[in-house]
file target_12.cif (mmCIF, C-alpha atoms and all ligand atoms)
data_coords
loop_
_atom_site.group_PDB
_atom_site.id
_atom_site.type_symbol
_atom_site.label_atom_id
_atom_site.label_comp_id
_atom_site.auth_asym_id
_atom_site.auth_seq_id
_atom_site.Cartn_x
_atom_site.Cartn_y
_atom_site.Cartn_z
ATOM 1 C CA MET T 1272 -41.908 135.367 151.166
ATOM 2 C CA SER T 1273 -40.076 136.953 148.240
ATOM 3 C CA SER T 1274 -41.438 136.836 144.684
ATOM 4 C CA PRO T 1275 -40.195 134.204 142.234
ATOM 5 C CA VAL T 1276 -37.161 135.404 140.304
ATOM 6 C CA ILE T 1277 -37.642 136.525 136.696
ATOM 7 C CA LEU T 1278 -34.825 135.088 134.619
ATOM 8 C CA THR T 1279 -34.324 136.783 131.252
ATOM 9 C CA CYS T 1280 -32.096 135.307 128.557
ATOM 10 C CA ALA T 1281 -30.647 137.640 125.907
ATOM 11 C CA VAL T 1282 -29.906 135.131 123.199
ATOM 12 C CA THR T 1283 -27.798 136.964 120.634
ATOM 13 C CA GLY T 1284 -27.218 140.674 120.274
ATOM 14 C CA SER T 1285 -24.984 143.425 119.050
ATOM 15 C CA ILE T 1286 -22.157 143.412 121.585
ATOM 16 C CA HIS T 1287 -20.428 140.294 120.313
ATOM 17 C CA THR T 1288 -19.591 139.190 116.797
ATOM 18 C CA PRO T 1289 -19.446 135.703 115.257
ATOM 19 C CA SER T 1290 -15.657 135.308 115.431
ATOM 20 C CA MET T 1291 -15.719 135.683 119.213
ATOM 21 C CA SER T 1292 -17.588 132.446 119.798
ATOM 22 C CA PRO T 1293 -18.691 129.569 117.569
ATOM 23 C CA TYR T 1294 -21.676 129.161 119.885
ATOM 24 C CA LEU T 1295 -23.206 132.575 119.202
ATOM 25 C CA PRO T 1296 -26.447 131.863 117.304
ATOM 26 C CA ILE T 1297 -26.680 133.611 113.944
ATOM 27 C CA THR T 1298 -29.461 132.273 111.712
ATOM 28 C CA PRO T 1299 -33.145 132.479 112.696
ATOM 29 C CA GLU T 1300 -33.115 128.718 113.160
ATOM 30 C CA GLN T 1301 -30.077 128.831 115.477
ATOM 31 C CA ILE T 1302 -31.454 131.788 117.425
ATOM 32 C CA ALA T 1303 -34.838 130.092 117.857
ATOM 33 C CA GLU T 1304 -33.302 126.746 118.866
ATOM 34 C CA GLN T 1305 -31.116 128.366 121.521
ATOM 35 C CA ALA T 1306 -33.995 130.540 122.706
ATOM 36 C CA ILE T 1307 -36.317 127.549 123.120
ATOM 37 C CA GLU T 1308 -33.630 125.591 124.968
ATOM 38 C CA ALA T 1309 -33.076 128.600 127.261
ATOM 39 C CA ALA T 1310 -36.813 128.782 127.968
ATOM 40 C CA GLU T 1311 -36.918 125.070 128.706
ATOM 41 C CA ALA T 1312 -34.036 125.603 131.128
ATOM 42 C CA GLY T 1313 -36.026 128.281 132.992
ATOM 43 C CA ALA T 1314 -35.824 131.632 131.237
ATOM 44 C CA ALA T 1315 -39.258 133.282 131.379
ATOM 45 C CA ILE T 1316 -38.303 136.202 129.110
ATOM 46 C CA LEU T 1317 -36.369 135.890 125.855
ATOM 47 C CA HIS T 1318 -34.715 139.135 124.733
ATOM 48 C CA LEU T 1319 -34.254 138.906 120.976
ATOM 49 C CA HIS T 1320 -32.128 140.486 118.255
ATOM 50 C CA ALA T 1321 -31.627 139.310 114.673
ATOM 51 C CA ARG T 1322 -28.501 138.790 112.598
ATOM 52 C CA ASP T 1323 -27.823 138.606 108.898
ATOM 53 C CA PRO T 1324 -27.678 134.829 108.335
ATOM 54 C CA ALA T 1325 -24.892 135.159 105.733
ATOM 55 C CA THR T 1326 -22.478 137.407 107.630
ATOM 56 C CA GLY T 1327 -23.669 137.402 111.253
ATOM 57 C CA SER T 1328 -23.829 141.194 111.410
ATOM 58 C CA PRO T 1329 -26.605 142.770 113.522
ATOM 59 C CA SER T 1330 -29.763 143.129 111.435
ATOM 60 C CA ALA T 1331 -33.009 145.064 111.804
ATOM 61 C CA ASP T 1332 -34.753 143.131 109.015
ATOM 62 C CA PRO T 1333 -38.344 142.534 110.193
ATOM 63 C CA ALA T 1334 -38.551 139.349 108.103
ATOM 64 C CA LEU T 1335 -35.742 137.834 110.163
ATOM 65 C CA PHE T 1336 -37.494 138.789 113.398
ATOM 66 C CA GLN T 1337 -40.753 137.352 112.087
ATOM 67 C CA ASP T 1338 -39.004 134.104 111.256
ATOM 68 C CA ILE T 1339 -37.406 133.921 114.721
ATOM 69 C CA VAL T 1340 -40.644 134.755 116.543
ATOM 70 C CA ALA T 1341 -42.709 132.293 114.506
ATOM 71 C CA ARG T 1342 -40.259 129.475 115.190
ATOM 72 C CA ILE T 1343 -40.191 130.158 118.935
ATOM 73 C CA ARG T 1344 -43.896 130.832 119.323
ATOM 74 C CA THR T 1345 -44.921 127.423 117.987
ATOM 75 C CA ARG T 1346 -42.823 125.640 120.606
ATOM 76 C CA CYS T 1347 -42.816 127.678 123.807
ATOM 77 C CA ASP T 1348 -44.768 130.310 125.701
ATOM 78 C CA ALA T 1349 -41.904 132.422 127.056
ATOM 79 C CA VAL T 1350 -42.396 136.186 127.028
ATOM 80 C CA LEU T 1351 -40.820 137.488 123.819
ATOM 81 C CA ASN T 1352 -39.021 140.777 124.269
ATOM 82 C CA LEU T 1353 -37.833 142.379 121.041
ATOM 83 C CA SER T 1354 -34.863 144.704 121.101
ATOM 84 C CA THR T 1355 -35.509 148.295 120.068
ATOM 85 C CA GLY T 1356 -31.843 149.072 120.721
ATOM 86 C CA GLY T 1357 -30.590 147.114 117.730
ATOM 87 C CA SER T 1358 -27.130 148.459 117.231
ATOM 88 C CA SER T 1359 -25.871 152.016 117.532
ATOM 89 C CA ARG T 1360 -25.398 152.233 113.746
ATOM 90 C CA MET T 1361 -29.100 151.676 112.967
ATOM 91 C CA THR T 1362 -31.652 154.473 112.626
ATOM 92 C CA LEU T 1363 -34.579 154.616 115.035
ATOM 93 C CA ASP T 1364 -36.964 153.554 112.264
ATOM 94 C CA ASP T 1365 -34.751 150.530 111.530
ATOM 95 C CA ARG T 1366 -34.701 149.659 115.211
ATOM 96 C CA LEU T 1367 -38.489 149.849 115.539
ATOM 97 C CA ALA T 1368 -39.493 148.199 112.276
ATOM 98 C CA ALA T 1369 -39.813 144.653 113.622
ATOM 99 C CA ALA T 1370 -41.622 145.639 116.815
ATOM 100 C CA ARG T 1371 -44.058 147.818 114.850
ATOM 101 C CA LEU T 1372 -44.964 144.813 112.732
ATOM 102 C CA ILE T 1373 -44.906 142.018 115.294
ATOM 103 C CA GLU T 1374 -46.392 144.000 118.202
ATOM 104 C CA PRO T 1375 -44.771 141.896 120.947
ATOM 105 C CA GLU T 1376 -45.889 142.021 124.554
ATOM 106 C CA MET T 1377 -42.469 143.345 125.592
ATOM 107 C CA CYS T 1378 -39.673 145.450 124.064
ATOM 108 C CA SER T 1379 -36.428 146.875 125.338
ATOM 109 C CA LEU T 1380 -36.260 150.640 125.791
ATOM 110 C CA ASN T 1381 -32.880 152.273 126.324
ATOM 111 C CA MET T 1382 -33.196 155.201 128.704
ATOM 112 C CA GLY T 1383 -30.554 157.585 127.397
ATOM 113 C CA SER T 1384 -27.996 158.464 124.749
ATOM 114 C CA MET T 1385 -24.476 157.372 125.554
ATOM 115 C CA ASN T 1386 -21.090 156.203 124.385
ATOM 116 C CA PHE T 1387 -21.233 152.426 123.971
ATOM 117 C CA GLY T 1388 -17.612 151.399 123.664
ATOM 118 C CA LEU T 1389 -16.942 148.055 122.042
ATOM 119 C CA PHE T 1390 -13.719 149.212 120.365
ATOM 120 C CA PRO T 1391 -11.356 147.684 122.988
ATOM 121 C CA LEU T 1392 -12.369 144.281 121.592
ATOM 122 C CA ALA T 1393 -11.198 145.174 118.085
ATOM 123 C CA ASP T 1394 -7.624 143.918 118.484
ATOM 124 C CA ARG T 1395 -8.373 140.839 120.516
ATOM 125 C CA TYR T 1396 -9.534 138.401 117.831
ATOM 126 C CA ASP T 1397 -8.707 137.006 114.413
ATOM 127 C CA TRP T 1398 -11.720 138.212 112.492
ATOM 128 C CA LYS T 1399 -13.489 135.884 110.074
ATOM 129 C CA HIS T 1400 -15.778 138.543 108.609
ATOM 130 C CA GLU T 1401 -14.746 141.823 107.115
ATOM 131 C CA TRP T 1402 -17.384 143.886 108.933
ATOM 132 C CA GLU T 1403 -16.463 142.839 112.472
ATOM 133 C CA ARG T 1404 -13.423 145.006 113.203
ATOM 134 C CA GLY T 1405 -14.986 148.085 111.580
ATOM 135 C CA PHE T 1406 -18.219 147.571 113.510
ATOM 136 C CA LEU T 1407 -16.378 147.534 116.829
ATOM 137 C CA GLU T 1408 -13.984 150.367 115.886
ATOM 138 C CA ALA T 1409 -16.939 152.575 114.907
ATOM 139 C CA THR T 1410 -18.053 152.689 118.529
ATOM 140 C CA ARG T 1411 -15.205 155.155 119.214
ATOM 141 C CA SER T 1412 -17.152 157.815 117.347
ATOM 142 C CA VAL T 1413 -20.753 156.644 117.046
ATOM 143 C CA ILE T 1414 -23.153 157.628 119.813
ATOM 144 C CA PHE T 1415 -25.850 155.191 120.893
ATOM 145 C CA ARG T 1416 -28.683 157.640 120.390
ATOM 146 C CA ASN T 1417 -31.729 157.469 122.628
ATOM 147 C CA SER T 1418 -32.884 161.089 122.843
ATOM 148 C CA PHE T 1419 -35.955 162.150 124.809
ATOM 149 C CA GLU T 1420 -37.764 162.384 121.495
ATOM 150 C CA ASP T 1421 -36.720 158.824 120.591
ATOM 151 C CA ILE T 1422 -37.858 157.538 123.979
ATOM 152 C CA GLU T 1423 -41.208 159.307 123.582
ATOM 153 C CA THR T 1424 -41.633 157.823 120.102
ATOM 154 C CA ILE T 1425 -41.127 154.333 121.500
ATOM 155 C CA LEU T 1426 -43.415 154.949 124.474
ATOM 156 C CA THR T 1427 -46.258 156.290 122.362
ATOM 157 C CA ASP T 1428 -45.845 154.128 119.281
ATOM 158 C CA LEU T 1429 -45.092 150.738 120.841
ATOM 159 C CA GLY T 1430 -46.429 151.355 124.356
ATOM 160 C CA ALA T 1431 -49.644 153.370 124.095
ATOM 161 C CA GLY T 1432 -50.174 152.435 120.432
ATOM 162 C CA ARG T 1433 -49.419 148.727 120.406
ATOM 163 C CA GLY T 1434 -49.709 147.642 124.043
ATOM 164 C CA ALA T 1435 -46.057 146.750 124.638
ATOM 165 C CA ARG T 1436 -44.510 146.997 128.087
ATOM 166 C CA PHE T 1437 -40.841 147.589 128.511
ATOM 167 C CA GLU T 1438 -37.531 146.296 129.751
ATOM 168 C CA LEU T 1439 -36.157 149.730 130.683
ATOM 169 C CA GLU T 1440 -32.422 149.501 130.110
ATOM 170 C CA CYS T 1441 -30.698 151.851 132.572
ATOM 171 C CA TYR T 1442 -26.941 152.117 132.064
ATOM 172 C CA ASP T 1443 -26.361 154.779 134.693
ATOM 173 C CA VAL T 1444 -28.155 156.532 137.539
ATOM 174 C CA GLY T 1445 -29.202 159.454 135.304
ATOM 175 C CA HIS T 1446 -31.383 157.066 133.346
ATOM 176 C CA LEU T 1447 -33.419 156.446 136.487
ATOM 177 C CA GLN T 1448 -34.290 160.122 136.660
ATOM 178 C CA THR T 1449 -35.609 159.831 133.106
ATOM 179 C CA VAL T 1450 -37.748 156.830 134.116
ATOM 180 C CA ALA T 1451 -39.159 158.824 137.048
ATOM 181 C CA PHE T 1452 -39.881 161.746 134.713
ATOM 182 C CA TYR T 1453 -41.908 159.632 132.278
ATOM 183 C CA ILE T 1454 -43.844 157.977 135.103
ATOM 184 C CA LYS T 1455 -44.750 161.473 136.304
ATOM 185 C CA GLN T 1456 -45.724 162.468 132.763
ATOM 186 C CA GLY T 1457 -47.987 159.408 132.573
ATOM 187 C CA LEU T 1458 -46.183 157.940 129.566
ATOM 188 C CA LEU T 1459 -44.784 155.069 131.644
ATOM 189 C CA LYS T 1460 -47.230 153.122 133.774
ATOM 190 C CA PRO T 1461 -46.040 151.408 136.969
ATOM 191 C CA PRO T 1462 -44.962 148.844 137.893
ATOM 192 C CA VAL T 1463 -42.008 149.417 135.586
ATOM 193 C CA PHE T 1464 -39.384 146.752 134.955
ATOM 194 C CA LEU T 1465 -35.861 148.177 135.167
ATOM 195 C CA GLN T 1466 -32.827 146.436 133.749
ATOM 196 C CA PHE T 1467 -29.767 147.759 135.592
ATOM 197 C CA VAL T 1468 -27.049 147.456 132.924
ATOM 198 C CA LEU T 1469 -23.589 147.480 134.475
ATOM 199 C CA GLY T 1470 -20.226 147.206 132.767
ATOM 200 C CA VAL T 1471 -20.764 148.809 129.354
ATOM 201 C CA LEU T 1472 -17.865 151.161 128.573
ATOM 202 C CA GLY T 1473 -19.564 154.555 128.701
ATOM 203 C CA GLY T 1474 -22.062 153.525 131.385
ATOM 204 C CA ILE T 1475 -21.781 152.650 135.063
ATOM 205 C CA ASP T 1476 -19.124 150.045 135.850
ATOM 206 C CA ALA T 1477 -19.827 146.519 137.019
ATOM 207 C CA ALA T 1478 -19.058 146.790 140.732
ATOM 208 C CA PRO T 1479 -21.157 145.837 143.783
ATOM 209 C CA GLU T 1480 -21.065 149.429 145.045
ATOM 210 C CA GLN T 1481 -22.560 150.638 141.740
ATOM 211 C CA LEU T 1482 -25.364 148.094 141.897
ATOM 212 C CA MET T 1483 -26.158 149.328 145.428
ATOM 213 C CA HIS T 1484 -26.097 152.890 144.089
ATOM 214 C CA MET T 1485 -28.520 152.031 141.267
ATOM 215 C CA LYS T 1486 -30.845 150.261 143.710
ATOM 216 C CA ALA T 1487 -30.713 153.092 146.273
ATOM 217 C CA SER T 1488 -31.347 155.677 143.530
ATOM 218 C CA ALA T 1489 -34.301 153.699 142.161
ATOM 219 C CA ASP T 1490 -35.748 153.380 145.682
ATOM 220 C CA ARG T 1491 -35.437 157.125 146.215
ATOM 221 C CA LEU T 1492 -36.797 158.148 142.810
ATOM 222 C CA LEU T 1493 -39.429 155.473 142.197
ATOM 223 C CA GLY T 1494 -40.500 154.215 145.624
ATOM 224 C CA SER T 1495 -42.412 150.974 145.196
ATOM 225 C CA ASP T 1496 -43.335 151.629 141.548
ATOM 226 C CA TYR T 1497 -40.652 149.360 140.108
ATOM 227 C CA GLN T 1498 -39.153 145.906 139.837
ATOM 228 C CA PHE T 1499 -35.554 145.463 138.785
ATOM 229 C CA SER T 1500 -33.274 142.987 137.109
ATOM 230 C CA VAL T 1501 -29.478 142.956 136.859
ATOM 231 C CA LEU T 1502 -27.466 142.628 133.671
ATOM 232 C CA ALA T 1503 -23.715 142.819 134.117
ATOM 233 C CA ALA T 1504 -21.753 142.617 130.887
ATOM 234 C CA GLY T 1505 -18.845 140.189 130.787
ATOM 235 C CA ARG T 1506 -17.525 138.229 133.702
ATOM 236 C CA GLN T 1507 -19.527 140.033 136.368
ATOM 237 C CA GLN T 1508 -22.732 138.618 134.854
ATOM 238 C CA VAL T 1509 -23.174 135.862 137.414
ATOM 239 C CA PRO T 1510 -21.665 137.557 140.511
ATOM 240 C CA LEU T 1511 -23.697 140.750 140.162
ATOM 241 C CA GLY T 1512 -26.776 138.834 138.994
ATOM 242 C CA THR T 1513 -26.516 136.829 142.197
ATOM 243 C CA MET T 1514 -26.224 140.029 144.187
ATOM 244 C CA GLY T 1515 -29.328 141.302 142.411
ATOM 245 C CA VAL T 1516 -31.277 138.265 143.575
ATOM 246 C CA ILE T 1517 -30.052 138.759 147.139
ATOM 247 C CA LEU T 1518 -31.272 142.373 146.948
ATOM 248 C CA GLY T 1519 -34.733 141.150 145.933
ATOM 249 C CA GLY T 1520 -34.355 141.550 142.194
ATOM 250 C CA ASN T 1521 -34.223 139.517 139.023
ATOM 251 C CA VAL T 1522 -31.476 138.526 136.585
ATOM 252 C CA ARG T 1523 -30.605 138.606 132.908
ATOM 253 C CA VAL T 1524 -28.072 136.192 131.419
ATOM 254 C CA GLY T 1525 -27.333 135.180 127.836
ATOM 255 C CA LEU T 1526 -24.668 135.260 125.154
ATOM 256 C CA GLU T 1527 -25.679 138.792 124.164
ATOM 257 C CA ASP T 1528 -23.923 140.127 127.242
ATOM 258 C CA ASN T 1529 -21.350 137.463 128.123
ATOM 259 C CA LEU T 1530 -19.851 134.657 126.051
ATOM 260 C CA ALA T 1531 -18.349 132.689 128.941
ATOM 261 C CA ILE T 1532 -19.647 130.085 131.360
ATOM 262 C CA ALA T 1533 -16.565 130.270 133.623
ATOM 263 C CA ARG T 1534 -13.278 132.139 133.545
ATOM 264 C CA GLY T 1535 -11.569 131.349 130.229
ATOM 265 C CA GLU T 1536 -14.290 128.926 129.121
ATOM 266 C CA LEU T 1537 -16.846 129.730 126.428
ATOM 267 C CA ALA T 1538 -20.486 128.890 127.132
ATOM 268 C CA THR T 1539 -21.641 126.327 124.583
ATOM 269 C CA SER T 1540 -25.194 127.694 124.623
ATOM 270 C CA ASN T 1541 -27.476 130.262 126.185
ATOM 271 C CA ALA T 1542 -29.174 127.453 128.086
ATOM 272 C CA ALA T 1543 -25.889 126.610 129.814
ATOM 273 C CA GLN T 1544 -25.862 130.090 131.354
ATOM 274 C CA VAL T 1545 -29.550 129.831 132.267
ATOM 275 C CA ARG T 1546 -28.970 126.499 133.997
ATOM 276 C CA LYS T 1547 -26.020 127.910 135.949
ATOM 277 C CA MET T 1548 -27.971 130.963 137.114
ATOM 278 C CA ARG T 1549 -30.969 128.795 137.937
ATOM 279 C CA ARG T 1550 -28.843 126.550 140.177
ATOM 280 C CA ILE T 1551 -27.624 129.588 142.097
ATOM 281 C CA ILE T 1552 -31.107 131.087 142.415
ATOM 282 C CA GLU T 1553 -32.507 127.814 143.721
ATOM 283 C CA GLU T 1554 -29.582 127.314 146.104
ATOM 284 C CA LEU T 1555 -30.410 130.754 147.502
ATOM 285 C CA GLY T 1556 -33.885 129.444 148.313
ATOM 286 C CA HIS T 1557 -35.881 131.055 145.491
ATOM 287 C CA ARG T 1558 -37.752 129.650 142.543
ATOM 288 C CA LEU T 1559 -38.043 130.944 139.001
ATOM 289 C CA ALA T 1560 -41.090 132.842 137.803
ATOM 290 C CA THR T 1561 -43.067 131.219 134.990
ATOM 291 C CA PRO T 1562 -43.917 133.222 131.854
ATOM 292 C CA ASP T 1563 -47.515 133.604 133.034
ATOM 293 C CA GLU T 1564 -46.374 134.851 136.440
ATOM 294 C CA VAL T 1565 -44.234 137.422 134.626
ATOM 295 C CA ARG T 1566 -47.238 138.479 132.528
ATOM 296 C CA ALA T 1567 -49.320 139.006 135.663
ATOM 297 C CA ARG T 1568 -46.570 140.836 137.570
ATOM 298 C CA LEU T 1569 -45.561 143.188 134.758
ATOM 299 C CA GLY T 1570 -49.055 143.722 133.345
ATOM 300 C CA LEU T 1571 -48.275 142.295 129.921
ATOM 301 C CA LYS T 1572 -50.982 141.926 127.299
ATOM 302 C CA GLY T 1573 -50.153 138.242 126.758
ATOM 303 C CA ALA T 1574 -48.752 136.063 124.032
ATOM 304 C CA PRO T 1575 -51.849 135.357 121.925
ATOM 305 C CA SER T 1576 -52.031 138.941 120.740
ATOM 306 C CA ILE T 1577 -48.629 138.691 119.084
ATOM 307 C CA ALA T 1578 -49.118 139.078 115.319
ATOM 308 C CA THR T 1579 -46.191 137.137 113.912
ATOM 309 C CA GLY T 1580 -46.994 138.270 110.389
ATOM 310 C CA SER T 1581 -45.413 135.335 108.610
ATOM 311 C CA PRO T 1582 -46.307 131.672 108.642
ATOM 312 C CA ALA T 1583 -44.540 129.389 111.070
ATOM 313 C CA PRO T 1584 -41.758 127.383 109.423
HETATM 314 N N1 LIG G 1 -26.747 144.199 125.400
HETATM 315 C C1 LIG G 1 -27.204 145.215 126.288
HETATM 316 C C2 LIG G 1 -26.080 145.762 127.097
HETATM 317 C C3 LIG G 1 -31.207 146.563 123.530
HETATM 318 O O1 LIG G 1 -31.270 145.491 122.964
HETATM 319 O O2 LIG G 1 -32.117 147.377 123.544
HETATM 320 C C4 LIG G 1 -27.912 146.264 125.523
HETATM 321 C C5 LIG G 1 -29.252 145.900 124.981
HETATM 322 C C6 LIG G 1 -29.929 146.973 124.214
HETATM 323 O O3 LIG G 1 -29.805 144.837 125.228
HETATM 324 ZN ZN ZN G 2 -30.320 143.639 123.404
#

call {"tool": "encode", "arguments": {"input": "target_12.cif", "output": "structure tokens"}}
result
Amino acid sequence: MSSPVILTCAVTGSIHTPSMSPYLPITPEQIAEQAIEAAEAGAAILHLHARDPATGSPSADPALFQDIVARIRTRCDAVLNLSTGGSSRMTLDDRLAAARLIEPEMCSLNMGSMNFGLFPLADRYDWKHEWERGFLEATRSVIFRNSFEDIETILTDLGAGRGARFELECYDVGHLQTVAFYIKQGLLKPPVFLQFVLGVLGGIDAAPEQLMHMKASADRLLGSDYQFSVLAAGRQQVPLGTMGVILGGNVRVGLEDNLAIARGELATSNAAQVRKMRRIIEELGHRLATPDEVRARLGLKGAPSIATGSPAP
């Protein structure tokens, strides 16, 4: 019998901006409410970013992360996975500040430097905030930096130093070679949890053949040392996520990566996407993994050791 499916929900993030959807959560309260609802709907892992509550722009402010984590932690036991990717305009120290303080059981770790093209979105909306167009346009020239040195800093500082395990975000097959390298070096301990990220402009495209290629490459390079999940940006989120489940993997949904619930229809919440993916997973004959099953499978240190730093609201 196959393992229960790990459903991750990426609640808000740095791909989309507030003008693109009124349902994108912005304030810590909105982010926490949507995260809790997503967990209640079946998401075992919550992948979290923060936003400036006044403008909605991506923020690395640890106080915002502390507020979000404290609000969620009092009401649900989902695995909290803090982004270390932030946005491509933040420094590495900015990106790590919250995770260094909060010491979550899980963090994202982006497995290579790349172009991360959001600029095609720049002309598609009427922007409410001044920063939005410039933020997207900047991705023509800004590189999403994740050098070997950066990766090693995250592995030693958050991994070895603070006991985090990782959602290894792999945007192309080359990133799998880097995962294999760090397993061999002993800096990454199996079983690793890969997030195959398809459909980012600058990475591998969101096509079934490419998902097969990622899976075949991971099998060849990592053998049985890994588990994988599928994140397809935009409208391939559900089709390729479904294919991931059929291939024996796991899925990530959420408004961070896709604002829609169906073609031409905005999702009114993260939970709506979780419920949709859950229906499909269960129709395929699987069940969802609980947060504690995820902790056991991925070797996480557990929720109680999270130091939220600030008092719960
Ligand atoms: N939204 C994903 C494509 C991170 O937070 O570390 C990228 C992401 C990066 O989730
Ligand atoms: Zn993210």

call {"tool": "closest_residue", "arguments": {"input": "target_12.cif", "among": "T:Gly1357, T:Gly1327, T:Pro1479, T:Gly1313", "to": "ligand LIG 1 (chain G)", "atoms": "all atoms listed in the file"}}
result
T:Gly1357

call {"tool": "resolve_selection", "arguments": {"input": "target_12.cif", "expression": "the PyMOL selection byres (((chain T and resi 1343) around 8) and not hetatm)", "output": "ChimeraX atom specification"}}
result
/T:1303-1304,1306-1307,1339-1342,1344-1347

call {"tool": "residues_around", "arguments": {"input": "target_12.cif", "residues": "segment 1396-1412 of chain T", "least_positions_apart": "4", "cutoff": "10 Å", "atoms": "all atoms listed in the file", "output": "number ranges by chain"}}
result
T: 1285-1291, 1326-1329, 1358-1360, 1386-1392

call {"tool": "residues_around", "arguments": {"input": "target_12.cif", "residues": "Leu1278 of chain T", "least_positions_apart": "5", "cutoff": "8 Å", "atoms": "only C-alpha atoms", "output": "list in words"}}
result
Gly1313, Ala1314, Ala1315, Ile1316, Asn1521, Val1522, Arg1523, Val1524, Val1545, Leu1559 and Ala1560 of chain T

call {"tool": "atom_distance", "arguments": {"input": "target_12.cif", "atom1": "atom CA of Leu1492 of chain T", "atom2": "atom CA of Gly1520 of chain T"}}
result
16.8 Å

call {"tool": "closest_residue", "arguments": {"input": "target_12.cif", "among": "T:Gly1505, T:Tyr1294, T:Tyr1453, T:Gln1481", "to": "ligand LIG 1 (chain G)", "atoms": "all atoms listed in the file"}}
result
T:Gly1505

call {"tool": "closest_atom_pairs", "arguments": {"input": "target_12.cif", "of": "chain T", "to": "ligand ZN 2 (chain G)", "cutoff": "7 Å", "atoms": "all atoms listed in the file", "output": "JSON lines"}}
result
{"residue": "T:Ala1281", "atom": "CA", "partner": "G:ZN2", "partner_atom": "ZN", "distance": 6.5}
{"residue": "T:Gly1284", "atom": "CA", "partner": "G:ZN2", "partner_atom": "ZN", "distance": 5.3}
{"residue": "T:Ser1285", "atom": "CA", "partner": "G:ZN2", "partner_atom": "ZN", "distance": 6.9}
{"residue": "T:His1318", "atom": "CA", "partner": "G:ZN2", "partner_atom": "ZN", "distance": 6.4}
{"residue": "T:Leu1319", "atom": "CA", "partner": "G:ZN2", "partner_atom": "ZN", "distance": 6.6}
{"residue": "T:His1320", "atom": "CA", "partner": "G:ZN2", "partner_atom": "ZN", "distance": 6.3}
{"residue": "T:Ser1354", "atom": "CA", "partner": "G:ZN2", "partner_atom": "ZN", "distance": 5.2}
{"residue": "T:Gly1356", "atom": "CA", "partner": "G:ZN2", "partner_atom": "ZN", "distance": 6.2}
{"residue": "T:Gly1357", "atom": "CA", "partner": "G:ZN2", "partner_atom": "ZN", "distance": 6.7}
{"residue": "T:Glu1527", "atom": "CA", "partner": "G:ZN2", "partner_atom": "ZN", "distance": 6.8}

call {"tool": "atom_distance", "arguments": {"input": "target_12.cif", "atom1": "atom CA of Leu1380 of chain T", "atom2": "atom CA of Leu1363 of chain T"}}
result
11.6 Å
